[in-house]
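Printed here is final29.txt (compact mmCIF, C-alpha atoms):
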```txt
# COMPACT_ATOMS: atom_id res chain seq x y z
CA MET A 1 80.06 -31.19 -61.21
CA THR A 2 82.27 -31.59 -64.28
CA ASN A 3 79.51 -30.27 -66.53
CA THR A 4 79.02 -27.14 -64.40
CA LEU A 5 82.70 -26.29 -64.53
CA SER A 6 82.92 -26.70 -68.25
CA ARG A 7 79.92 -24.35 -68.74
CA VAL A 8 81.66 -21.65 -66.68
CA ASP A 9 84.91 -22.08 -68.65
CA THR A 10 83.25 -21.68 -72.03
CA ALA A 11 81.29 -18.58 -70.99
CA ALA A 12 84.27 -16.81 -69.45
CA PRO A 13 86.32 -15.82 -72.55
CA SER A 14 83.57 -13.52 -73.92
CA ILE A 15 83.43 -11.47 -70.69
CA GLN A 16 87.05 -11.61 -69.48
CA PRO A 17 88.76 -9.56 -72.25
CA ILE A 18 86.37 -6.63 -71.70
CA ALA A 19 86.75 -6.78 -67.93
CA TRP A 20 90.49 -7.04 -68.36
CA LEU A 21 90.58 -4.06 -70.76
CA ARG A 22 88.42 -2.01 -68.41
CA SER A 23 90.65 -2.87 -65.47
CA LEU A 24 93.77 -2.00 -67.50
CA LEU A 25 92.33 1.34 -68.60
CA CYS A 26 91.29 2.17 -65.04
CA THR A 27 94.77 1.39 -63.76
CA LEU A 28 96.37 3.35 -66.60
CA THR A 29 94.09 6.34 -66.01
CA LEU A 30 94.65 6.39 -62.28
CA THR A 31 98.40 6.03 -62.73
CA LEU A 32 98.51 8.89 -65.23
CA LEU A 33 96.28 11.14 -63.18
CA ALA A 34 98.36 10.41 -60.08
CA ALA A 35 101.55 11.07 -62.04
CA CYS A 36 100.22 14.34 -63.41
CA SER A 37 99.00 15.54 -60.04
CA GLY A 38 102.54 14.87 -58.80
CA ILE A 39 103.97 17.18 -61.49
CA PRO A 40 101.84 20.29 -61.14
CA ILE A 41 101.79 22.79 -63.97
CA SER A 42 99.78 25.96 -64.36
CA TYR A 43 97.64 26.73 -67.39
CA TYR A 44 98.44 29.41 -69.99
CA ASP A 45 97.92 32.88 -68.53
CA ALA A 46 97.27 35.84 -70.85
CA THR A 47 98.40 38.28 -68.13
CA THR A 48 101.78 36.54 -67.89
CA TYR A 49 102.15 36.68 -71.68
CA THR A 50 101.31 40.42 -71.77
CA GLN A 51 103.71 41.18 -68.92
CA LEU A 52 106.52 39.28 -70.64
CA THR A 53 106.08 41.08 -73.97
CA SER A 54 105.79 44.51 -72.29
CA LEU A 55 108.79 43.93 -70.04
CA LYS A 56 110.86 42.69 -72.98
CA ALA A 57 110.32 46.03 -74.72
CA GLU A 58 110.77 48.17 -71.57
CA THR A 59 113.98 46.51 -70.33
CA GLY A 60 115.50 46.28 -73.82
CA THR A 61 115.01 49.95 -74.72
CA LEU A 62 116.36 50.98 -71.30
CA VAL A 63 119.52 48.84 -71.45
CA GLU A 64 120.32 49.95 -75.03
CA LEU A 65 120.60 53.54 -73.75
CA PHE A 66 123.71 52.79 -71.72
CA ASP A 67 126.00 52.63 -74.78
CA LYS A 68 125.52 56.40 -75.02
CA LYS A 69 124.11 57.58 -71.68
CA LEU A 70 125.11 57.23 -68.04
CA ALA A 71 123.02 55.01 -65.78
CA ALA A 72 123.09 57.83 -63.19
CA ASP A 73 121.15 60.06 -65.60
CA ASN A 74 118.43 57.41 -65.95
CA GLU A 75 117.85 56.34 -62.35
CA PRO A 76 114.10 57.23 -62.24
CA ARG A 77 113.51 55.09 -65.33
CA ILE A 78 115.64 52.26 -63.92
CA GLU A 79 113.59 52.32 -60.72
CA ALA A 80 110.29 52.33 -62.63
CA VAL A 81 111.23 49.33 -64.79
CA THR A 82 112.68 47.48 -61.78
CA LEU A 83 109.41 47.99 -59.89
CA THR A 84 107.33 46.71 -62.83
CA LEU A 85 109.58 43.65 -63.05
CA ARG A 86 109.28 43.01 -59.30
CA LYS A 87 105.49 43.23 -59.48
CA ALA A 88 105.52 40.65 -62.28
CA VAL A 89 107.76 38.31 -60.25
CA GLU A 90 105.38 38.59 -57.28
CA TYR A 91 102.38 37.88 -59.53
CA GLU A 92 104.04 34.67 -60.76
CA ARG A 93 105.08 33.59 -57.25
CA GLY A 94 101.52 34.17 -56.07
CA LYS A 95 100.21 31.45 -58.38
CA GLY A 96 101.86 28.86 -56.13
CA ASN A 97 103.65 25.60 -56.74
CA PRO A 98 102.04 24.68 -60.11
CA ASN A 99 103.60 27.86 -61.50
CA SER A 100 107.06 27.38 -59.93
CA ASP A 101 108.77 26.92 -63.32
CA THR A 102 107.51 30.22 -64.70
CA ALA A 103 108.25 31.96 -61.38
CA ALA A 104 111.82 30.63 -61.58
CA GLN A 105 112.15 32.00 -65.12
CA PHE A 106 110.94 35.45 -63.97
CA GLU A 107 113.43 35.42 -61.07
CA LYS A 108 116.33 34.53 -63.39
CA ILE A 109 115.36 37.25 -65.87
CA SER A 110 114.98 39.73 -63.02
CA LYS A 111 118.52 38.92 -61.82
CA LEU A 112 119.88 39.15 -65.39
CA PHE A 113 118.35 42.64 -65.65
CA ALA A 114 119.66 43.69 -62.20
CA ASP A 115 123.18 42.47 -63.10
CA THR A 116 123.08 44.42 -66.37
CA ILE A 117 122.01 47.57 -64.50
CA GLN A 118 124.91 47.08 -62.09
CA GLU A 119 127.27 46.79 -65.07
CA ALA A 120 125.87 50.06 -66.43
CA ARG A 121 126.32 51.79 -63.05
CA ALA A 122 129.91 50.53 -62.75
CA ASN A 123 130.95 51.21 -66.36
CA PRO A 124 130.40 54.47 -68.22
CA PRO A 125 129.43 54.29 -71.93
CA GLY A 126 132.16 52.63 -74.00
CA LYS A 127 134.14 51.11 -71.15
CA LEU A 128 132.97 47.55 -71.97
CA GLY A 129 132.96 48.34 -75.69
CA PRO A 130 130.90 50.78 -77.77
CA LYS A 131 128.24 48.13 -78.50
CA PHE A 132 128.26 46.18 -75.21
CA PHE A 133 124.85 47.30 -73.96
CA ALA A 134 123.18 46.79 -77.35
CA GLU A 135 124.31 43.16 -77.10
CA ALA A 136 123.30 42.91 -73.42
CA ALA A 137 119.84 44.13 -74.45
CA LYS A 138 119.71 41.39 -77.11
CA VAL A 139 120.54 38.75 -74.47
CA LEU A 140 117.79 40.12 -72.25
CA GLY A 141 115.40 39.98 -75.21
CA GLN A 142 116.39 36.37 -75.89
CA ALA A 143 115.73 35.54 -72.22
CA PHE A 144 112.22 37.02 -72.48
CA ASP A 145 111.66 35.15 -75.76
CA ILE A 146 112.37 31.83 -74.04
CA ALA A 147 109.91 32.70 -71.24
CA ILE A 148 107.29 33.80 -73.81
CA ARG A 149 107.68 30.52 -75.69
CA THR A 150 107.44 28.65 -72.39
CA GLU A 151 104.09 30.32 -71.59
CA ASN A 152 102.84 29.51 -75.09
CA LEU A 153 103.66 25.82 -74.56
CA LYS A 154 101.21 25.58 -71.66
CA ASN A 155 97.72 24.19 -72.15
CA LYS A 156 94.64 26.41 -72.16
CA ASP A 157 92.25 25.91 -69.25
CA LYS A 158 88.98 24.67 -70.81
CA ARG A 159 86.95 25.08 -67.62
CA MET B 1 137.38 31.98 -94.14
CA SER B 2 135.00 33.71 -91.72
CA LYS B 3 136.05 36.62 -89.49
CA PHE B 4 135.53 34.29 -86.52
CA THR B 5 137.96 31.69 -87.88
CA ILE B 6 140.52 34.35 -88.85
CA PHE B 7 140.38 35.83 -85.33
CA ILE B 8 140.73 32.46 -83.57
CA ASP B 9 143.57 31.36 -85.87
CA GLY B 10 145.33 34.70 -85.34
CA LEU B 11 145.41 34.46 -81.53
CA VAL B 12 148.92 34.00 -80.18
CA ASP B 13 148.76 31.05 -77.81
CA ASP B 14 152.25 29.74 -77.07
CA SER B 15 151.09 27.88 -73.97
CA LYS B 16 148.43 26.05 -76.07
CA LYS B 17 145.64 26.87 -73.61
CA LEU B 18 143.03 27.22 -76.34
CA ALA B 19 141.92 24.22 -78.42
CA LYS B 20 141.39 26.34 -81.53
CA ASP B 21 140.19 23.56 -83.84
CA GLU B 22 137.76 22.22 -81.24
CA LEU B 23 136.31 25.68 -80.66
CA LYS B 24 135.84 26.26 -84.41
CA THR B 25 134.22 22.82 -84.78
CA LEU B 26 131.97 23.43 -81.76
CA VAL B 27 130.63 26.68 -83.20
CA SER B 28 130.22 25.41 -86.77
CA THR B 29 128.46 22.22 -85.57
CA ALA B 30 126.19 24.16 -83.19
CA LYS B 31 125.20 26.53 -86.01
CA LYS B 32 123.76 23.51 -87.89
CA ASP B 33 122.00 22.02 -84.85
CA SER B 34 118.29 21.17 -85.09
CA SER B 35 117.58 23.19 -81.92
CA ASP B 36 116.81 26.89 -82.45
CA PHE B 37 118.29 27.60 -79.04
CA VAL B 38 121.64 25.92 -79.78
CA ARG B 39 121.89 27.68 -83.17
CA LEU B 40 121.14 31.06 -81.56
CA GLN B 41 123.81 30.58 -78.91
CA ALA B 42 126.40 29.62 -81.52
CA GLU B 43 125.49 32.76 -83.48
CA ASN B 44 125.81 34.86 -80.30
CA LEU B 45 129.26 33.45 -79.55
CA GLU B 46 130.46 33.93 -83.12
CA ARG B 47 129.09 37.50 -83.35
CA TRP B 48 130.64 38.54 -80.01
CA THR B 49 133.99 37.04 -81.01
CA VAL B 50 133.95 39.04 -84.25
CA MET B 51 132.94 42.16 -82.25
CA LEU B 52 135.88 41.52 -79.90
CA ALA B 53 138.18 41.29 -82.92
CA GLU B 54 136.75 44.55 -84.31
CA LYS B 55 136.98 46.26 -80.88
CA ASP B 56 133.22 46.76 -80.59
CA LEU B 57 133.62 44.84 -77.32
CA THR B 58 136.48 44.91 -74.84
CA PRO B 59 137.74 41.58 -73.40
CA ALA B 60 135.88 42.43 -70.14
CA GLY B 61 132.65 43.12 -72.06
CA TYR B 62 133.09 39.91 -74.08
CA LYS B 63 133.51 37.83 -70.89
CA LEU B 64 130.40 39.37 -69.30
CA LEU B 65 128.28 38.56 -72.36
CA VAL B 66 129.52 34.96 -72.54
CA LYS B 67 128.62 34.51 -68.85
CA LYS B 68 125.08 35.70 -69.60
CA MET B 69 124.68 32.70 -71.94
CA GLU B 70 124.50 30.50 -68.84
CA VAL B 71 121.25 32.20 -67.76
CA LEU B 72 119.77 31.62 -71.23
CA THR B 73 120.65 27.93 -70.92
CA GLN B 74 118.96 27.71 -67.51
CA LEU B 75 115.82 29.34 -68.95
CA GLU B 76 115.81 26.90 -71.88
CA VAL B 77 116.09 23.92 -69.51
CA ILE B 78 112.99 25.17 -67.65
CA LYS B 79 111.20 25.60 -71.00
CA LEU B 80 111.92 21.96 -71.92
CA LYS B 81 110.66 20.83 -68.50
CA VAL B 82 107.41 22.78 -68.96
CA GLN B 83 107.02 21.30 -72.46
CA ALA B 84 107.22 17.75 -71.02
CA LYS B 85 104.80 18.56 -68.19
CA ALA B 86 102.29 20.16 -70.59
CA SER B 87 102.39 17.03 -72.78
CA ALA B 88 101.71 14.83 -69.75
CA GLN B 89 98.86 17.14 -68.73
CA ARG B 90 97.33 16.91 -72.25
CA LEU B 91 97.59 13.10 -72.18
CA ALA B 92 95.94 12.88 -68.74
CA GLN B 93 93.17 15.28 -69.82
CA GLY B 94 92.66 13.33 -73.06
CA ILE B 95 92.33 10.07 -71.16
CA THR B 96 89.80 11.62 -68.79
CA ASP B 97 87.72 13.16 -71.59
CA LEU B 98 87.93 10.44 -74.23
CA VAL B 99 88.51 7.21 -72.33
CA VAL B 100 86.86 7.66 -68.94
CA LYS B 101 83.88 9.70 -70.13
CA GLY B 102 83.62 8.17 -73.62
CA LEU B 103 84.99 4.66 -73.93
CA PHE B 104 84.10 3.56 -70.39
CA ALA B 105 80.46 4.33 -71.07
CA LEU B 106 80.47 1.90 -73.99
CA ILE B 107 82.25 -1.10 -72.45
```
Could you rewrite the structure in this file as structure tokens?
Amino acid sequence: MTNTLSRVDTAAPSIQPIAWLRSLLCTLTLTLLAACSGIPISYYDATTYTQLTSLKAETGTLVELFDKKLAADNEPRIEAVTLTLRKAVEYERGKGNPNSDTAAQFEKISKLFADTIQEARANPPGKLGPKFFAEAAKVLGQAFDIAIRTENLKNKDKR
Amino acid sequence: MSKFTIFIDGLVDDSKKLAKDELKTLVSTAKKDSSDFVRLQAENLERWTVMLAEKDLTPAGYKLLVKKMEVLTQLEVIKLKVQAKASAQRLAQGITDLVVKGLFALI
């Protein structure tokens, strides 16, 4: 009886560390995978990137106009850019929960643009300063830059 | 002395509502920050203050621009959140590819 036990004890150390390591790695993997599935995030999307860069240019060039021109004289262009922006917001929302961060960024940028348009409608050129809308366009550009960098931080889908 | 400092120092503030030295320190410290975002915001604030002094912006225009900085901050916070999530996603993917499919086959 004593001899049998001692044979088991001496054989065990060569197997146990590997089994222990395997068990640890399994636990670690499952924990990480569970954690990551709990924090969903979408993959990089080239369409999102293109929309952001196009909208940055479109909104910026439109807003800059209002230092010299009335918003009322540019309503068709305002409506066209607003529609393009809304379509982009809907595209991002449509990707579901894993894309909620990017969708939130689009919604905030959309509101920033809408507020700036309201300021242009309420204030003729020069009323907020001769260079107000040039600076407002820069802020809008900086907002798009943050969203562009955010998209670039995402991982590429290898599937 | 910069135009920003001259403008802040020149403001008449008998009721001492503005902590002039703290504001100057805040902007000069932020301009040296390691974060691109913080540096950019300090530059925005300094440029708009100089534009206010030079009447390129009215006080109402200046206030509207400063309020827009809050949206930029909210966007940056989301960016940092996405950065952390993407790192976690890379780690999980790396473990699946290298450990589960690679190392597990050998041990």
Could you list the residues in chain B lying within 8 Å of chain A, using all atoms listed in the file, and format the result as a CSV table (one decimal) with C-alpha atoms, keeping the file's coordinate frame?
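Wrote it out as out.csv, contents follow:
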```
chain,number,residue,atom,x,y,z
B,55,LYS,CA,137.0,46.3,-80.9
B,56,ASP,CA,133.2,46.8,-80.6
B,57,LEU,CA,133.6,44.8,-77.3
B,58,THR,CA,136.5,44.9,-74.8
B,59,PRO,CA,137.7,41.6,-73.4
B,60,ALA,CA,135.9,42.4,-70.1
B,61,GLY,CA,132.6,43.1,-72.1
B,62,TYR,CA,133.1,39.9,-74.1
B,65,LEU,CA,128.3,38.6,-72.4
B,68,LYS,CA,125.1,35.7,-69.6
B,69,MET,CA,124.7,32.7,-71.9
B,71,VAL,CA,121.2,32.2,-67.8
B,72,LEU,CA,119.8,31.6,-71.2
B,75,LEU,CA,115.8,29.3,-69.0
B,76,GLU,CA,115.8,26.9,-71.9
B,78,ILE,CA,113.0,25.2,-67.6
B,79,LYS,CA,111.2,25.6,-71.0
B,82,VAL,CA,107.4,22.8,-69.0
B,83,GLN,CA,107.0,21.3,-72.5
B,85,LYS,CA,104.8,18.6,-68.2
B,86,ALA,CA,102.3,20.2,-70.6
B,88,ALA,CA,101.7,14.8,-69.8
B,89,GLN,CA,98.9,17.1,-68.7
B,90,ARG,CA,97.3,16.9,-72.2
B,92,ALA,CA,95.9,12.9,-68.7
B,95,ILE,CA,92.3,10.1,-71.2
B,96,THR,CA,89.8,11.6,-68.8
B,99,VAL,CA,88.5,7.2,-72.3
B,100,VAL,CA,86.9,7.7,-68.9
B,104,PHE,CA,84.1,3.6,-70.4
B,107,ILE,CA,82.2,-1.1,-72.4
```
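Atom pair CA of Ile8 in chain B / CA of Lys20 in chain B: separated by 6.5 Å.
Proximity ranking of A:Glu92, A:Leu62, A:Glu107, A:Ala122 relative to Asp45 in chain A places A:Glu92 first, based on all atoms listed in the file.
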*One decimal, Å: what's the distance from CA of Pro76 in chain A over to CA of Thr48 in chain A, could you say?*
24.7 Å
*Mind pulling up the distance from CA of Thr53 in chain A to CA of Ser110 in chain A?*
14.2 Å
To box range 148-156 of chain A, take all atoms listed in the file, fit an axis-aligned box, add 8 Å on each side, and give centre and edge lengths in Å to one decimal, as lines of an AutoDock Vina configuration file.
```
center_x = 101.2
center_y = 29.0
center_z = -73.6
size_x = 29.0
size_y = 25.6
size_z = 20.1
```
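With only C-alpha atoms as the atoms that count, the residue of A:Arg121, A:Glu58, A:Asp157, A:Trp20 with the shortest distance to Asn74 in chain A is A:Arg121.
Comparing B:Phe4, B:Gly94, B:Glu22, B:Ala105 by their smallest distance to Val50 in chain B, the closest is B:Phe4 (using only C-alpha atoms).
The nearest approach to Ile6 in chain B among the residues B:Ala53, B:Leu91, B:Val66, B:Leu103, with all atoms listed in the file taken into account, belongs to B:Ala53.
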Can you pull range 4-34 of chain B out of that block with N, CA and C atoms and hand it back as a PDB file, in the first residue's frame?
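Once written, selection_16.pdb looks like this:
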```pdb
ATOM      1  N   PHE B   4      -2.096  86.424 -26.053  1.00  0.00           N
ATOM      2  CA  PHE B   4      -3.054  85.812 -25.118  1.00  0.00           C
ATOM      3  C   PHE B   4      -2.837  86.356 -23.702  1.00  0.00           C
ATOM      4  N   THR B   5      -1.581  86.339 -23.261  1.00  0.00           N
ATOM      5  CA  THR B   5      -1.244  86.810 -21.908  1.00  0.00           C
ATOM      6  C   THR B   5      -1.561  88.297 -21.766  1.00  0.00           C
ATOM      7  N   ILE B   6      -1.210  89.074 -22.789  1.00  0.00           N
ATOM      8  CA  ILE B   6      -1.465  90.521 -22.739  1.00  0.00           C
ATOM      9  C   ILE B   6      -2.965  90.788 -22.603  1.00  0.00           C
ATOM     10  N   PHE B   7      -3.762  90.018 -23.370  1.00  0.00           N
ATOM     11  CA  PHE B   7      -5.223  90.216 -23.330  1.00  0.00           C
ATOM     12  C   PHE B   7      -5.779  89.865 -21.952  1.00  0.00           C
ATOM     13  N   ILE B   8      -5.371  88.716 -21.428  1.00  0.00           N
ATOM     14  CA  ILE B   8      -5.883  88.274 -20.113  1.00  0.00           C
ATOM     15  C   ILE B   8      -5.465  89.264 -19.029  1.00  0.00           C
ATOM     16  N   ASP B   9      -4.192  89.677 -19.054  1.00  0.00           N
ATOM     17  CA  ASP B   9      -3.708  90.626 -18.042  1.00  0.00           C
ATOM     18  C   ASP B   9      -4.431  91.972 -18.145  1.00  0.00           C
ATOM     19  N   GLY B  10      -4.828  92.328 -19.365  1.00  0.00           N
ATOM     20  CA  GLY B  10      -5.452  93.640 -19.585  1.00  0.00           C
ATOM     21  C   GLY B  10      -6.934  93.698 -19.245  1.00  0.00           C
ATOM     22  N   LEU B  11      -7.548  92.543 -18.958  1.00  0.00           N
ATOM     23  CA  LEU B  11      -8.979  92.548 -18.626  1.00  0.00           C
ATOM     24  C   LEU B  11      -9.220  93.220 -17.272  1.00  0.00           C
ATOM     25  N   VAL B  12     -10.173  94.123 -17.254  1.00  0.00           N
ATOM     26  CA  VAL B  12     -10.529  94.783 -15.989  1.00  0.00           C
ATOM     27  C   VAL B  12     -11.469  93.845 -15.239  1.00  0.00           C
ATOM     28  N   ASP B  13     -11.062  93.468 -14.039  1.00  0.00           N
ATOM     29  CA  ASP B  13     -11.829  92.479 -13.278  1.00  0.00           C
ATOM     30  C   ASP B  13     -11.795  92.865 -11.799  1.00  0.00           C
ATOM     31  N   ASP B  14     -12.534  93.923 -11.479  1.00  0.00           N
ATOM     32  CA  ASP B  14     -12.528  94.425 -10.092  1.00  0.00           C
ATOM     33  C   ASP B  14     -13.123  93.415  -9.110  1.00  0.00           C
ATOM     34  N   SER B  15     -14.097  92.627  -9.600  1.00  0.00           N
ATOM     35  CA  SER B  15     -14.737  91.669  -8.683  1.00  0.00           C
ATOM     36  C   SER B  15     -13.933  90.377  -8.546  1.00  0.00           C
ATOM     37  N   LYS B  16     -12.798  90.308  -9.247  1.00  0.00           N
ATOM     38  CA  LYS B  16     -11.879  89.143  -9.155  1.00  0.00           C
ATOM     39  C   LYS B  16     -12.579  87.822  -9.514  1.00  0.00           C
ATOM     40  N   LYS B  17     -13.427  87.855 -10.547  1.00  0.00           N
ATOM     41  CA  LYS B  17     -14.119  86.630 -10.949  1.00  0.00           C
ATOM     42  C   LYS B  17     -13.190  85.685 -11.714  1.00  0.00           C
ATOM     43  N   LEU B  18     -12.222  86.262 -12.391  1.00  0.00           N
ATOM     44  CA  LEU B  18     -11.340  85.451 -13.240  1.00  0.00           C
ATOM     45  C   LEU B  18      -9.998  85.191 -12.555  1.00  0.00           C
ATOM     46  N   ALA B  19      -9.633  83.917 -12.437  1.00  0.00           N
ATOM     47  CA  ALA B  19      -8.320  83.554 -11.884  1.00  0.00           C
ATOM     48  C   ALA B  19      -7.314  83.627 -13.045  1.00  0.00           C
ATOM     49  N   LYS B  20      -6.813  84.835 -13.280  1.00  0.00           N
ATOM     50  CA  LYS B  20      -5.983  85.073 -14.473  1.00  0.00           C
ATOM     51  C   LYS B  20      -4.743  84.178 -14.522  1.00  0.00           C
ATOM     52  N   ASP B  21      -4.036  84.088 -13.393  1.00  0.00           N
ATOM     53  CA  ASP B  21      -2.799  83.287 -13.383  1.00  0.00           C
ATOM     54  C   ASP B  21      -3.089  81.810 -13.632  1.00  0.00           C
ATOM     55  N   GLU B  22      -4.185  81.332 -13.033  1.00  0.00           N
ATOM     56  CA  GLU B  22      -4.543  79.917 -13.211  1.00  0.00           C
ATOM     57  C   GLU B  22      -4.900  79.629 -14.667  1.00  0.00           C
ATOM     58  N   LEU B  23      -5.606  80.563 -15.295  1.00  0.00           N
ATOM     59  CA  LEU B  23      -5.992  80.382 -16.697  1.00  0.00           C
ATOM     60  C   LEU B  23      -4.748  80.354 -17.594  1.00  0.00           C
ATOM     61  N   LYS B  24      -3.816  81.270 -17.326  1.00  0.00           N
ATOM     62  CA  LYS B  24      -2.583  81.320 -18.135  1.00  0.00           C
ATOM     63  C   LYS B  24      -1.778  80.041 -17.947  1.00  0.00           C
ATOM     64  N   THR B  25      -1.709  79.563 -16.681  1.00  0.00           N
ATOM     65  CA  THR B  25      -0.969  78.325 -16.399  1.00  0.00           C
ATOM     66  C   THR B  25      -1.651  77.121 -17.064  1.00  0.00           C
ATOM     67  N   LEU B  26      -2.983  77.108 -16.992  1.00  0.00           N
ATOM     68  CA  LEU B  26      -3.742  76.000 -17.602  1.00  0.00           C
ATOM     69  C   LEU B  26      -3.430  75.887 -19.096  1.00  0.00           C
ATOM     70  N   VAL B  27      -3.469  77.017 -19.787  1.00  0.00           N
ATOM     71  CA  VAL B  27      -3.238  76.995 -21.235  1.00  0.00           C
ATOM     72  C   VAL B  27      -1.780  76.642 -21.543  1.00  0.00           C
ATOM     73  N   SER B  28      -0.840  77.251 -20.817  1.00  0.00           N
ATOM     74  CA  SER B  28       0.576  76.977 -21.139  1.00  0.00           C
ATOM     75  C   SER B  28       0.950  75.532 -20.806  1.00  0.00           C
ATOM     76  N   THR B  29       0.375  74.967 -19.740  1.00  0.00           N
ATOM     77  CA  THR B  29       0.639  73.562 -19.383  1.00  0.00           C
ATOM     78  C   THR B  29       0.009  72.630 -20.423  1.00  0.00           C
ATOM     79  N   ALA B  30      -1.228  72.936 -20.796  1.00  0.00           N
ATOM     80  CA  ALA B  30      -1.932  72.085 -21.772  1.00  0.00           C
ATOM     81  C   ALA B  30      -1.216  72.084 -23.123  1.00  0.00           C
ATOM     82  N   LYS B  31      -0.598  73.199 -23.475  1.00  0.00           N
ATOM     83  CA  LYS B  31       0.109  73.274 -24.767  1.00  0.00           C
ATOM     84  C   LYS B  31       1.338  72.364 -24.798  1.00  0.00           C
ATOM     85  N   LYS B  32       1.808  71.959 -23.612  1.00  0.00           N
ATOM     86  CA  LYS B  32       2.985  71.060 -23.550  1.00  0.00           C
ATOM     87  C   LYS B  32       2.569  69.624 -23.228  1.00  0.00           C
ATOM     88  N   ASP B  33       1.279  69.356 -23.164  1.00  0.00           N
ATOM     89  CA  ASP B  33       0.790  68.024 -22.789  1.00  0.00           C
ATOM     90  C   ASP B  33       1.201  66.969 -23.821  1.00  0.00           C
ATOM     91  N   SER B  34       1.330  65.728 -23.364  1.00  0.00           N
ATOM     92  CA  SER B  34       1.725  64.653 -24.291  1.00  0.00           C
ATOM     93  C   SER B  34       0.573  64.269 -25.237  1.00  0.00           C
TER      94      SER B  34
END
```
